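Content type mmCIF, C-alpha atoms, from the file run-v9.cif:
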```cif
data_work
#
loop_
_atom_site.label_atom_id
_atom_site.label_comp_id
_atom_site.auth_asym_id
_atom_site.auth_seq_id
_atom_site.Cartn_x
_atom_site.Cartn_y
_atom_site.Cartn_z
CA MET A 13 -23.65 -1.87 16.04
CA LYS A 14 -22.36 -5.35 16.83
CA ILE A 15 -19.28 -5.58 14.62
CA ILE A 16 -16.81 -8.24 13.58
CA PHE A 17 -13.62 -6.61 12.31
CA MET A 18 -11.29 -8.29 9.83
CA GLY A 19 -7.92 -6.77 8.97
CA THR A 20 -4.18 -7.27 9.23
CA PRO A 21 -1.65 -4.48 8.37
CA ASP A 22 -1.10 -0.91 9.55
CA PHE A 23 -3.62 0.37 6.99
CA ALA A 24 -6.44 -1.35 8.93
CA VAL A 25 -5.47 -0.03 12.38
CA PRO A 26 -7.09 3.45 12.20
CA SER A 27 -10.38 1.85 11.11
CA LEU A 28 -10.41 -0.56 14.05
CA LYS A 29 -9.49 2.20 16.50
CA ALA A 30 -12.20 4.49 15.10
CA ILE A 31 -14.85 1.80 15.52
CA ILE A 32 -13.81 1.21 19.12
CA GLU A 33 -13.71 4.94 19.91
CA ALA A 34 -17.16 5.41 18.36
CA GLY A 35 -18.55 3.03 20.97
CA HIS A 36 -19.51 0.12 18.73
CA ASP A 37 -19.45 -3.41 20.12
CA VAL A 38 -16.48 -5.13 18.47
CA GLY A 39 -17.10 -8.74 19.50
CA MET A 40 -14.15 -10.29 17.72
CA VAL A 41 -11.23 -9.47 15.46
CA ILE A 42 -10.06 -11.80 12.71
CA THR A 43 -6.53 -11.32 11.41
CA GLN A 44 -3.82 -13.29 9.64
CA PRO A 45 -1.76 -15.82 11.65
CA ASP A 46 1.40 -14.67 13.40
CA ARG A 47 4.42 -14.87 11.08
CA GLN A 48 8.10 -15.56 11.72
CA LYS A 49 10.35 -12.65 10.88
CA ASN A 50 14.05 -12.24 10.23
CA ARG A 51 16.80 -14.67 11.21
CA GLY A 52 15.65 -14.94 14.81
CA LYS A 53 12.41 -16.62 13.69
CA LYS A 54 10.52 -14.50 16.21
CA LEU A 55 6.75 -14.60 15.84
CA ILE A 56 5.37 -11.18 14.94
CA PHE A 57 1.77 -10.15 15.70
CA SER A 58 -0.12 -8.22 13.04
CA PRO A 59 -0.71 -4.53 13.84
CA VAL A 60 -4.45 -5.25 14.07
CA LYS A 61 -3.90 -8.04 16.59
CA GLU A 62 -1.85 -5.65 18.76
CA VAL A 63 -4.74 -3.16 18.91
CA ALA A 64 -7.31 -5.89 19.59
CA MET A 65 -5.27 -7.27 22.49
CA GLU A 66 -4.78 -3.78 23.96
CA ASN A 67 -8.57 -3.41 24.00
CA GLY A 68 -9.38 -6.88 25.29
CA ILE A 69 -11.07 -8.01 22.08
CA PRO A 70 -10.98 -11.76 21.28
CA VAL A 71 -8.67 -12.50 18.34
CA PHE A 72 -9.05 -15.31 15.83
CA GLN A 73 -6.28 -16.16 13.36
CA PRO A 74 -7.37 -18.91 10.96
CA GLU A 75 -4.91 -19.92 8.26
CA ARG A 76 -7.86 -20.14 5.88
CA LEU A 77 -11.07 -18.66 7.29
CA ARG A 78 -13.54 -20.35 4.95
CA ASP A 79 -12.20 -23.76 6.08
CA ASP A 80 -12.17 -23.00 9.82
CA PRO A 81 -15.45 -24.18 11.39
CA GLN A 82 -14.43 -23.05 14.89
CA THR A 83 -14.00 -19.41 13.84
CA ILE A 84 -17.13 -19.45 11.69
CA ALA A 85 -19.12 -20.87 14.61
CA ALA A 86 -17.84 -18.08 16.87
CA MET A 87 -18.87 -15.51 14.26
CA ARG A 88 -22.38 -16.95 14.12
CA ALA A 89 -22.62 -17.08 17.89
CA PHE A 90 -21.80 -13.36 18.12
CA SER A 91 -24.58 -12.61 15.58
CA PRO A 92 -23.03 -9.43 14.11
CA ASP A 93 -24.95 -6.52 12.66
CA ILE A 94 -22.14 -5.92 10.19
CA VAL A 95 -18.72 -7.27 9.23
CA VAL A 96 -16.05 -4.65 8.51
CA VAL A 97 -13.05 -5.66 6.39
CA ALA A 98 -9.89 -3.58 5.85
CA ALA A 99 -6.92 -5.22 4.11
CA TYR A 100 -7.59 -8.61 5.70
CA GLY A 101 -5.77 -10.64 3.06
CA GLN A 102 -8.22 -13.48 2.37
CA ILE A 103 -11.18 -13.97 0.05
CA LEU A 104 -14.48 -14.39 1.89
CA SER A 105 -17.08 -17.00 0.94
CA LYS A 106 -20.71 -16.10 0.26
CA GLU A 107 -21.61 -17.70 3.60
CA LEU A 108 -19.38 -15.20 5.42
CA LEU A 109 -20.48 -12.23 3.31
CA ASP A 110 -24.14 -12.91 4.12
CA MET A 111 -23.69 -13.76 7.80
CA ALA A 112 -24.35 -10.32 9.29
CA LYS A 113 -27.65 -8.40 9.25
CA HIS A 114 -26.15 -5.65 7.04
CA GLY A 115 -23.65 -7.91 5.26
CA ALA A 116 -19.96 -7.10 4.95
CA ILE A 117 -18.35 -3.82 3.94
CA ASN A 118 -14.77 -3.24 2.81
CA VAL A 119 -12.46 -0.24 3.24
CA HIS A 120 -10.55 -0.22 -0.07
CA GLY A 121 -7.60 2.07 -0.87
CA SER A 122 -8.61 3.34 -4.30
CA LEU A 123 -11.40 5.13 -6.13
CA LEU A 124 -13.22 2.09 -7.45
CA PRO A 125 -13.68 0.67 -10.00
CA LYS A 126 -10.06 1.68 -10.65
CA LEU A 127 -7.36 -0.46 -9.05
CA ARG A 128 -9.18 -3.46 -7.72
CA GLY A 129 -6.88 -5.98 -6.10
CA ALA A 130 -4.05 -6.30 -3.60
CA SER A 131 -1.90 -3.20 -4.18
CA PRO A 132 -4.10 -0.21 -5.09
CA ILE A 133 -2.10 2.38 -3.13
CA GLN A 134 1.25 1.41 -4.65
CA ARG A 135 -0.23 1.22 -8.14
CA SER A 136 -1.80 4.67 -7.93
CA ILE A 137 1.69 6.11 -7.40
CA LEU A 138 3.39 3.78 -9.86
CA LEU A 139 0.97 4.79 -12.62
CA GLY A 140 1.49 8.50 -11.98
CA TYR A 141 -2.07 9.26 -10.82
CA ASP A 142 -2.75 12.78 -9.54
CA LYS A 143 -5.30 11.55 -7.03
CA THR A 144 -6.64 8.40 -5.43
CA GLY A 145 -8.83 7.80 -2.40
CA VAL A 146 -10.82 5.31 -0.35
CA THR A 147 -14.00 3.54 -1.37
CA ILE A 148 -16.26 1.75 1.08
CA MET A 149 -18.23 -0.94 -0.70
CA LYS A 150 -20.68 -3.68 0.15
CA MET A 151 -18.69 -6.82 -0.44
CA ALA A 152 -19.63 -9.36 -3.11
CA GLU A 153 -18.05 -12.62 -4.22
CA GLY A 154 -15.96 -11.03 -6.99
CA LEU A 155 -12.61 -9.30 -6.38
CA ASP A 156 -13.54 -5.79 -5.18
CA THR A 157 -16.61 -5.78 -7.44
CA GLY A 158 -19.24 -4.94 -4.83
CA ASP A 159 -21.58 -1.97 -4.95
CA MET A 160 -20.04 1.30 -3.71
CA ILE A 161 -21.46 3.10 -0.67
CA SER A 162 -19.12 6.06 -0.11
CA LYS A 163 -15.86 7.62 -1.32
CA VAL A 164 -13.25 10.18 -0.32
CA GLU A 165 -10.59 11.62 -2.65
CA VAL A 166 -6.96 12.38 -1.77
CA GLU A 167 -4.35 14.27 -3.81
CA ILE A 168 -1.21 12.14 -4.16
CA GLY A 169 1.31 14.92 -4.76
CA ASN A 170 4.85 13.65 -4.18
CA MET A 171 3.99 11.19 -1.41
CA THR A 172 5.63 7.79 -1.03
CA TYR A 173 3.58 4.63 -0.55
CA GLY A 174 4.19 4.74 3.20
CA GLU A 175 3.06 8.36 3.45
CA LEU A 176 0.03 7.93 1.20
CA SER A 177 -1.03 4.76 3.01
CA GLU A 178 -1.12 6.64 6.32
CA VAL A 179 -3.21 9.45 4.85
CA LEU A 180 -5.66 7.04 3.21
CA ALA A 181 -5.94 4.93 6.37
CA ASP A 182 -6.81 8.02 8.40
CA ARG A 183 -9.30 9.43 5.87
CA GLY A 184 -10.77 5.96 5.36
CA SER A 185 -11.35 5.47 9.08
CA LYS A 186 -13.34 8.70 9.30
CA LEU A 187 -15.35 7.76 6.22
CA LEU A 188 -15.99 4.32 7.72
CA ILE A 189 -17.61 5.71 10.87
CA SER A 190 -19.93 8.03 8.96
CA THR A 191 -20.81 5.17 6.60
CA ILE A 192 -21.62 2.80 9.47
CA ASP A 193 -23.85 5.51 10.95
CA ASP A 194 -25.63 5.88 7.60
CA ILE A 195 -26.11 2.12 7.31
CA ALA A 196 -27.53 1.93 10.83
CA ALA A 197 -29.95 4.75 10.00
CA GLY A 198 -30.84 3.31 6.60
CA LYS A 199 -29.63 6.53 4.94
CA PHE A 200 -27.36 5.16 2.25
CA THR A 201 -27.47 4.20 -1.39
CA LEU A 202 -25.58 1.58 -3.37
CA GLU A 203 -23.87 2.46 -6.64
CA LYS A 204 -22.91 -0.33 -9.02
CA GLN A 205 -19.37 -0.31 -10.39
CA ASP A 206 -18.83 0.13 -14.12
CA ASP A 207 -16.72 -2.88 -15.04
CA ASN A 208 -15.67 -1.14 -18.26
CA LEU A 209 -13.76 1.42 -16.16
CA SER A 210 -12.10 -1.14 -13.91
CA SER A 211 -8.37 -1.82 -13.62
CA TYR A 212 -6.37 -4.33 -11.60
CA ALA A 213 -3.60 -3.85 -9.02
CA PRO A 214 -1.78 -7.19 -8.65
CA ILE A 215 0.27 -8.11 -5.61
CA ILE A 216 3.72 -6.50 -5.41
CA LYS A 217 6.76 -8.79 -5.58
CA LYS A 218 10.30 -8.08 -4.41
CA GLU A 219 11.66 -8.29 -7.96
CA ASP A 220 9.30 -5.50 -9.05
CA GLY A 221 11.72 -3.09 -7.38
CA ARG A 222 14.43 -3.53 -10.01
CA VAL A 223 14.97 -0.37 -12.06
CA ASP A 224 14.84 -0.41 -15.84
CA PHE A 225 16.59 2.79 -16.90
CA ASN A 226 15.08 2.48 -20.38
CA LYS A 227 11.91 3.84 -18.78
CA SER A 228 11.40 7.57 -18.43
CA ALA A 229 12.76 9.49 -15.46
CA PHE A 230 9.18 10.21 -14.40
CA GLU A 231 8.25 6.51 -14.41
CA ILE A 232 11.31 5.60 -12.35
CA GLN A 233 10.67 8.39 -9.86
CA CYS A 234 7.11 7.06 -9.46
CA GLN A 235 8.52 3.56 -8.94
CA ILE A 236 10.85 4.79 -6.20
CA ARG A 237 7.95 6.45 -4.35
CA ALA A 238 5.56 3.52 -4.89
CA TYR A 239 7.97 0.99 -3.39
CA ASP A 240 9.01 2.99 -0.33
CA PRO A 241 9.20 1.38 2.23
CA TRP A 242 8.69 -2.04 0.56
CA PRO A 243 10.11 -3.66 -1.49
CA GLY A 244 12.44 -0.74 -2.24
CA THR A 245 13.73 0.19 -5.69
CA TYR A 246 17.15 -1.14 -6.57
CA THR A 247 19.88 -1.20 -9.19
CA ALA A 248 23.61 -2.01 -9.11
CA TYR A 249 26.86 -0.08 -9.02
CA GLY A 250 30.38 -1.49 -8.80
CA GLY A 251 29.15 -5.07 -8.56
CA GLN A 252 26.89 -4.40 -5.56
CA SER A 253 23.20 -3.74 -5.15
CA ILE A 254 22.14 -0.20 -4.30
CA LYS A 255 18.66 0.98 -3.35
CA LEU A 256 17.23 4.27 -4.57
CA TRP A 257 15.01 5.93 -1.97
CA ARG A 258 14.49 9.49 -3.17
CA ALA A 259 14.94 11.20 -6.52
CA ASP A 260 13.44 13.90 -8.68
CA VAL A 261 13.14 14.55 -12.39
CA LEU A 262 15.26 17.25 -13.99
CA SER A 263 13.39 20.06 -15.71
CA GLU A 264 13.87 20.52 -19.46
CA ASP A 265 16.16 23.50 -18.81
CA GLU A 266 18.32 21.50 -16.41
CA ALA A 267 18.44 18.49 -18.75
CA SER A 268 19.53 20.63 -21.72
CA SER A 269 23.04 20.92 -20.27
CA TYR A 270 23.67 17.16 -20.70
CA ASP A 271 24.47 15.25 -23.88
CA ALA A 272 22.43 12.19 -24.82
CA ALA A 273 23.68 9.06 -23.09
CA VAL A 274 22.89 5.35 -22.76
CA PRO A 275 20.08 4.89 -20.20
CA GLY A 276 21.55 4.26 -16.78
CA THR A 277 24.68 6.31 -17.42
CA ILE A 278 25.87 8.55 -14.59
CA VAL A 279 26.22 11.89 -16.37
CA ASP A 280 27.05 14.09 -13.39
CA VAL A 281 28.28 13.77 -9.81
CA ASN A 282 28.47 16.78 -7.51
CA LYS A 283 28.47 17.38 -3.76
CA GLU A 284 24.69 17.19 -3.48
CA ASN A 285 23.44 14.55 -5.90
CA ILE A 286 24.01 12.17 -8.81
CA VAL A 287 22.35 12.63 -12.21
CA VAL A 288 21.48 9.54 -14.28
CA ALA A 289 20.28 9.36 -17.89
CA CYS A 290 17.00 7.52 -18.48
CA GLY A 291 15.12 6.39 -21.58
CA LYS A 292 13.49 9.81 -21.48
CA GLY A 293 14.85 12.60 -19.32
CA TYR A 294 17.26 12.58 -16.39
CA LEU A 295 16.87 11.48 -12.79
CA ARG A 296 18.54 13.29 -9.90
CA LEU A 297 19.33 10.80 -7.09
CA LEU A 298 18.97 12.36 -3.63
CA GLU A 299 18.82 9.45 -1.18
CA ILE A 300 20.33 5.99 -1.57
CA GLN A 301 21.23 2.87 0.38
CA PRO A 302 24.43 1.08 -0.63
CA GLN A 303 24.56 -2.65 0.04
CA GLY A 304 25.09 -3.40 3.73
CA LYS A 305 24.56 0.23 4.82
CA LYS A 306 21.71 2.39 6.08
CA ARG A 307 19.76 4.67 3.78
CA MET A 308 21.37 8.10 3.56
CA THR A 309 21.43 11.24 1.49
CA VAL A 310 23.70 11.23 -1.54
CA LYS A 311 25.44 14.24 -0.01
CA ALA A 312 26.32 12.22 3.12
CA TYR A 313 27.45 9.22 1.08
CA LEU A 314 29.74 11.30 -1.13
CA LEU A 315 31.61 12.68 1.89
CA GLY A 316 33.50 9.42 2.16
CA ASN A 317 32.74 7.58 -1.08
CA SER A 318 32.63 8.24 -4.78
CA PHE A 319 30.58 7.61 -7.89
CA GLU A 320 32.40 7.67 -11.19
CA PRO A 321 30.80 9.62 -14.06
CA LEU A 322 30.04 7.71 -17.27
CA GLN A 323 29.55 4.41 -15.41
CA VAL A 324 26.27 2.63 -16.19
CA LEU A 325 24.02 1.63 -13.32
CA GLY A 326 22.31 -1.73 -13.33
CA GLU A 327 24.67 -3.71 -15.53
CA GLU A 328 25.59 -6.20 -12.80
CA VAL A 329 22.04 -6.90 -11.53
#
```
What's the structure tokens form of this structure?
Amino acid sequence: MKIIFMGTPDFAVPSLKAIIEAGHDVGMVITQPDRQKNRGKKLIFSPVKEVAMENGIPVFQPERLRDDPQTIAAMRAFSPDIVVVAAYGQILSKELLDMAKHGAINVHGSLLPKLRGASPIQRSILLGYDKTGVTIMKMAEGLDTGDMISKVEVEIGNMTYGELSEVLADRGSKLLISTIDDIAAGKFTLEKQDDNLSSYAPIIKKEDGRVDFNKSAFEIQCQIRAYDPWPGTYTAYGGQSIKLWRADVLSEDEASSYDAAVPGTIVDVNKENIVVACGKGYLRLLEIQPQGKKRMTVKAYLLGNSFEPLQVLGEEV
């Protein structure tokens, strides 16, 4: 297959590598422009660009692909059999979707039609799903509305976003290769999505990481996992911001030893952890990151610092 690959973050890397290793002809890679990062203003390449350069594949980085005639002309000149998209980050025009012989397919990190949009992996954790997966669909003009070609399911368990993203990227890359083979052989079917079953996963913002202790302990624990490593889940203690990186929910038996308290109240501090009251249930904090410090276990932090019982987290945020 003559393939144009479009993708940007780490999630897309296993798919690009799998296509290369399978022996397909990747004529060009399209990724987002290099971005400045941190105070040094150093330009950072996307993970997909790094892989393309390592393999000698021409890279194009239009700010807005649909308005870039030079890149579109290069795509036409290559005359692709198929366009493969994995977390590229831009909406494609009908002209681009119809350019290749077999159209464009997308590697999407959810079991469509659930969780269309920009943050399906985070949302699957945030909403407390037991399982999610990867869907490969034939792309259409709507937002993740195209007909489905193949799927693979993954149990979420207690994974963080970073961990789940790696698993889905790996499983998705394997599914992608078998799907491309099926498309080449004409041995595939298209399944329309049921719009009545659809849901939306909007883009994650930094402020989404703020904890509302009026929510249940389960919801907050899901939030902590969903936003690890970015944007992180945060609250405040002693006038400073503090990030929560790992926590678990107390069982009913464990929770029965504590009196009812205002949500956010520290009800227990011991050598291993900190227990906080929530709108429903109690959360045991296991790993934190005080302002200006590295993330660490609560046990390590308490060796040289203290948390005062009956203080309320979040009041200063």
Let me know the residues the PyMOL selection byres ((chain A and resi 88) around 12) catches in the file above, as a VMD selection string.
chain A and resid 14 to 16 39 to 40 81 to 87 89 to 95 107 to 113
Expand the PyMOL selection byres ((chain A and resi 269) around 12) into the explicit residue set it covers here, and present it as a ChimeraX atom specification.
/A:262-268,270-272,279-280,287,293-294
Kindly provide the residues of segment 116-185 of chain A that approach segment 192-206 of chain A to within 12 Å, each paired with its closest atom pair and their distance in Å to one decimal, based on all atoms listed in the file, listed by chain and increasing number, as a Markdown table.
```
| residue | atom | partner | partner_atom | distance |
| --- | --- | --- | --- | --- |
| A:Ala116 | CA | A:Ile192 | CA | 11.0 |
| A:Ile117 | CA | A:Ile192 | CA | 9.2 |
| A:Asn118 | CA | A:Ile192 | CA | 11.3 |
| A:Val119 | CA | A:Ile192 | CA | 11.5 |
| A:Leu123 | CA | A:Gln205 | CA | 10.5 |
| A:Leu124 | CA | A:Gln205 | CA | 7.2 |
| A:Pro125 | CA | A:Gln205 | CA | 5.8 |
| A:Lys126 | CA | A:Gln205 | CA | 9.5 |
| A:Arg128 | CA | A:Gln205 | CA | 11.0 |
| A:Thr147 | CA | A:Gln205 | CA | 11.2 |
| A:Ile148 | CA | A:Ile192 | CA | 10.0 |
| A:Met149 | CA | A:Leu202 | CA | 8.2 |
| A:Lys150 | CA | A:Leu202 | CA | 8.0 |
| A:Met151 | CA | A:Leu202 | CA | 11.3 |
| A:Ala152 | CA | A:Lys204 | CA | 11.3 |
| A:Gly154 | CA | A:Gln205 | CA | 11.8 |
| A:Leu155 | CA | A:Gln205 | CA | 11.9 |
| A:Asp156 | CA | A:Gln205 | CA | 9.5 |
| A:Thr157 | CA | A:Gln205 | CA | 6.8 |
| A:Gly158 | CA | A:Lys204 | CA | 7.2 |
| A:Asp159 | CA | A:Lys204 | CA | 4.6 |
| A:Met160 | CA | A:Glu203 | CA | 5.0 |
| A:Ile161 | CA | A:Leu202 | CA | 5.2 |
| A:Ser162 | CA | A:Leu202 | CA | 8.5 |
| A:Lys163 | CA | A:Glu203 | CA | 10.9 |
| A:Ser185 | CA | A:Ile192 | CA | 10.6 |
```
Since I can't run it myself right now, could you work out what the PyMOL selection byres ((chain A and resi 133) around 10) selects here and report it as a PyMOL selection string?
chain A and resi 120-122+127+130-132+134-138+144-146+168+172-174+176-177+180+213+238
Please, could you write that set of residues out with C-alpha atoms as an mmCIF file, in the frame of the given file?
```cif
data_model
loop_
_atom_site.group_PDB
_atom_site.id
_atom_site.type_symbol
_atom_site.label_atom_id
_atom_site.label_comp_id
_atom_site.auth_asym_id
_atom_site.auth_seq_id
_atom_site.Cartn_x
_atom_site.Cartn_y
_atom_site.Cartn_z
ATOM 1 C CA HIS A 120 -10.550 -0.220 -0.070
ATOM 2 C CA GLY A 121 -7.600 2.070 -0.870
ATOM 3 C CA SER A 122 -8.610 3.340 -4.300
ATOM 4 C CA LEU A 127 -7.360 -0.460 -9.050
ATOM 5 C CA ALA A 130 -4.050 -6.300 -3.600
ATOM 6 C CA SER A 131 -1.900 -3.200 -4.180
ATOM 7 C CA PRO A 132 -4.100 -0.210 -5.090
ATOM 8 C CA GLN A 134 1.250 1.410 -4.650
ATOM 9 C CA ARG A 135 -0.230 1.220 -8.140
ATOM 10 C CA SER A 136 -1.800 4.670 -7.930
ATOM 11 C CA ILE A 137 1.690 6.110 -7.400
ATOM 12 C CA LEU A 138 3.390 3.780 -9.860
ATOM 13 C CA THR A 144 -6.640 8.400 -5.430
ATOM 14 C CA GLY A 145 -8.830 7.800 -2.400
ATOM 15 C CA VAL A 146 -10.820 5.310 -0.350
ATOM 16 C CA ILE A 168 -1.210 12.140 -4.160
ATOM 17 C CA THR A 172 5.630 7.790 -1.030
ATOM 18 C CA TYR A 173 3.580 4.630 -0.550
ATOM 19 C CA GLY A 174 4.190 4.740 3.200
ATOM 20 C CA LEU A 176 0.030 7.930 1.200
ATOM 21 C CA SER A 177 -1.030 4.760 3.010
ATOM 22 C CA LEU A 180 -5.660 7.040 3.210
ATOM 23 C CA ALA A 213 -3.600 -3.850 -9.020
ATOM 24 C CA ALA A 238 5.560 3.520 -4.890
#
```
Using all atoms listed in the file, pick whichever of A:Ala181, A:Ile232, A:Ile189, A:Val164 has the shortest atom-to-atom distance to Ala34 of chain A.
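Result for the nearest residue to Ala34 of chain A: A:Ile189.
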Find the spatial neighbours of Phe319 of chain A, counting all atoms listed in the file, within a cut-off of 9 Å - ignore same-chain residues fewer than 6 positions away - and output them as an NGL selection string.
:A and (249 or 278 or 281 or 286)
Store the residues picked out above, limited to C-alpha atoms, as a PDB file, keeping the file's coordinate frame.
```pdb
ATOM      1  CA  TYR A 249      26.860  -0.080  -9.020  1.00  0.00           C
ATOM      2  CA  ILE A 278      25.870   8.550 -14.590  1.00  0.00           C
ATOM      3  CA  VAL A 281      28.280  13.770  -9.810  1.00  0.00           C
ATOM      4  CA  ILE A 286      24.010  12.170  -8.810  1.00  0.00           C
TER       5      ILE A 286
END
```
Please provide the set of residues having any atom within 6 Å of Leu295 of chain A, restricted to all atoms listed in the file, with same-chain residues fewer than 5 positions apart removed, written as a PyMOL selection string.
chain A and resi 229+260-261+287-288
Atom CA of His114 of chain A to atom CA of Thr191 of chain A measures 12.1 Å
Between atom CA of Met171 of chain A and atom CA of Asn317 of chain A, measure the distance and give it in Å to one decimal.
29.0 Å
Once you add 6 Å to each side, what are the centre and edge lengths of the axis-aligned box holding all listed atoms of segment 280-294 of chain A? One decimal in Å, as AutoDock Vina command-line options, if you can.
```
--center_x 21.0 --center_y 11.9 --center_z -12.5 --size_x 27.0 --size_y 23.0 --size_z 30.1
```
Work out how far atom CA of Glu153 of chain A is from atom CA of Ala64 of chain A, in Å to one decimal.
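About the pair atom CA of Ala64 of chain A and atom CA of Glu153 of chain A: they are 27.0 Å apart.
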Selection near Ile56 of chain A, 7 Å with only C-alpha atoms, sequence-local residues under 6 positions removed, as a list in words
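In the requested form, the answer reads Asp46, Arg47, Gln48 and Lys49 of chain A.
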